[in-house]
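S.K.: One structure follows; several queries about it will come next.
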Amino acid sequence: MVTEIRFYHLTRQTLEQVLPDLLEKTLARGLRAVVQTSSVERAEALTQGLWAYAPNGFLPHGNAKDGHAEDQPIWLTAEEERPNNADFLFLTDGATSTKLEDYARVCDIFDGVDQSALAAARTRWAEAKKAGHALYYWQQTDTGWVDATPV
C-alpha cells in the first residue's frame, strides 16, 4: 500500500507549537492519530504540553500512563504501536516506523535548524521514495507553510 508521507521542515516554530494545529486538523476530519516520539519521557512531555497549548483549546489524548488506548483519539508513544486504530502517524524527534503502510498519512516533523535532524530527514525521505510512497515536503516561511515538494 502506498502511504502519503508529508515531511514538515520546522524553521520558525517548535514541534510543541506546530503539533497541536496539525492534531486539531486531524480530529476535525474525524480521524485518529498516533504521535510517535523518541522516548517515553518525550511522549510524556508532549502529553503535558497538549493539556496547556491553548487557554480554550482541548485535544483529547493519552499515553501509556493514562491507559485506555482504544478510547484515545490521539495516542502519544515512544513505541511502534497503533492501539487506537489511528489513521495518521506523526513521527517526531527522529522517530521512525517500519509500519508506514498501516496509515493513510504519515507526518514526519523535524527540526530544520538542527543539521543532524535535517540529514536524518533526508535519509528518511530517500528511503520512503525508494519504497514508492507519495511524498510531500512542507517548509515553514515567514508567511506560513509552503509546499516545496521537489518536482
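Labels used: A, B, ... for chains in the order of the C-alpha cells, numbers from 1 for residues in each chain, and numbers from 1 for ligands as shown.
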Write out as JSON lines a residue-level contact list of segment 18-48 of chain A versus segment 110-134 of chain A with cut-off 12 Å: for each qualifying residue the closest pair of atoms and the distance in Å to one decimal, counting only C-alpha atoms, rows sorted by chain and residue number upward.
M.R.:
```
{"residue": "A:Val18", "atom": "CA", "partner": "A:Phe110", "partner_atom": "CA", "distance": 10.8}
{"residue": "A:Leu19", "atom": "CA", "partner": "A:Phe110", "partner_atom": "CA", "distance": 11.1}
{"residue": "A:Thr37", "atom": "CA", "partner": "A:Phe110", "partner_atom": "CA", "distance": 11.3}
{"residue": "A:Ser38", "atom": "CA", "partner": "A:Phe110", "partner_atom": "CA", "distance": 12.0}
```
S.K.: Find the residues around Arg105 of chain A up to 8 Å (only C-alpha atoms counted), leave out those fewer than 3 positions away in its own chain, and share them as a ChimeraX atom specification.
M.R.: /A:3-6,87-89
S.K.: Using only C-alpha atoms for the distances, tell me which of A:Gln36, A:Gln17, A:Thr149, A:Thr47 is nearest to Glu81 of chain A.
M.R.: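 Looking at the shortest contact to Glu81 of chain A, the residue is A:Gln36.
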S.K.: Neighbours of segment 61-76 of chain A within 7 Å (only C-alpha atoms; same-chain residues fewer than 3 positions away dropped), as an NGL selection string?
M.R.: :A and (32-36 or 43 or 47 or 83-84)
S.K.: Could you turn the residues from that selection into a file that holds N, CA and C atoms, as an mmCIF file, in the first residue's frame?
M.R.:
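Written out: result.cif:
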```cif
data_model
loop_
_atom_site.group_PDB
_atom_site.id
_atom_site.type_symbol
_atom_site.label_atom_id
_atom_site.label_comp_id
_atom_site.auth_asym_id
_atom_site.auth_seq_id
_atom_site.Cartn_x
_atom_site.Cartn_y
_atom_site.Cartn_z
ATOM 1 N N ARG A 32 -8.182 9.676 13.671
ATOM 2 C CA ARG A 32 -7.388 9.412 14.880
ATOM 3 C C ARG A 32 -5.903 9.497 14.536
ATOM 4 N N ALA A 33 -5.089 9.724 15.570
ATOM 5 C CA ALA A 33 -3.658 9.893 15.351
ATOM 6 C C ALA A 33 -2.833 9.176 16.412
ATOM 7 N N VAL A 34 -1.653 8.737 15.985
ATOM 8 C CA VAL A 34 -0.597 8.298 16.887
ATOM 9 C C VAL A 34 0.537 9.293 16.716
ATOM 10 N N VAL A 35 1.074 9.772 17.830
ATOM 11 C CA VAL A 35 2.258 10.621 17.817
ATOM 12 C C VAL A 35 3.379 9.779 18.402
ATOM 13 N N GLN A 36 4.353 9.450 17.558
ATOM 14 C CA GLN A 36 5.473 8.615 17.999
ATOM 15 C C GLN A 36 6.693 9.503 18.232
ATOM 16 N N ALA A 43 7.379 11.543 25.127
ATOM 17 C CA ALA A 43 5.940 11.331 24.953
ATOM 18 C C ALA A 43 5.173 11.973 26.099
ATOM 19 N N THR A 47 2.571 15.065 25.913
ATOM 20 C CA THR A 47 1.246 14.856 26.502
ATOM 21 C C THR A 47 0.884 16.035 27.395
ATOM 22 N N PRO A 83 -2.460 1.392 18.933
ATOM 23 C CA PRO A 83 -3.515 0.793 19.755
ATOM 24 C C PRO A 83 -4.880 1.462 19.624
ATOM 25 N N ASN A 84 -4.927 2.638 19.016
ATOM 26 C CA ASN A 84 -6.200 3.346 18.871
ATOM 27 C C ASN A 84 -6.726 3.288 17.434
#
```
S.K.: Nearest residue to Ala78 of chain A out of A:Cys107, A:Val40, A:Arg12, A:Gly94, using only C-alpha atoms?
M.R.: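 Closest residue, counting only C-alpha atoms: A:Val40.
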S.K.: What is the distance, in Å and to one decimal place, between atom CA of Asp108 of chain A and atom CA of Leu10 of chain A?
M.R.: 10.5 Å
S.K.: Please report, as a ChimeraX atom specification, each residue of chain A to which DSSP assigns alpha helix (DSSP H) when run on this structure's backbone.
M.R.: /A:15-28,40-52,115-130
S.K.: Mind listing the strand (DSSP E) residues of segment 3-97 of chain A, per DSSP on the backbone, as a list in words?
M.R.: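 Selecting the strand (DSSP E) positions of segment 3-97 of chain A gives Glu4, Ile5, Arg6, Phe7, Tyr8, His9, Leu10, Ala33, Val34, Val35, Gln36, His61, Gly62, Asn63, Ile74, Trp75, Leu76, Thr77, Phe88, Leu89, Phe90 and Leu91 of chain A.
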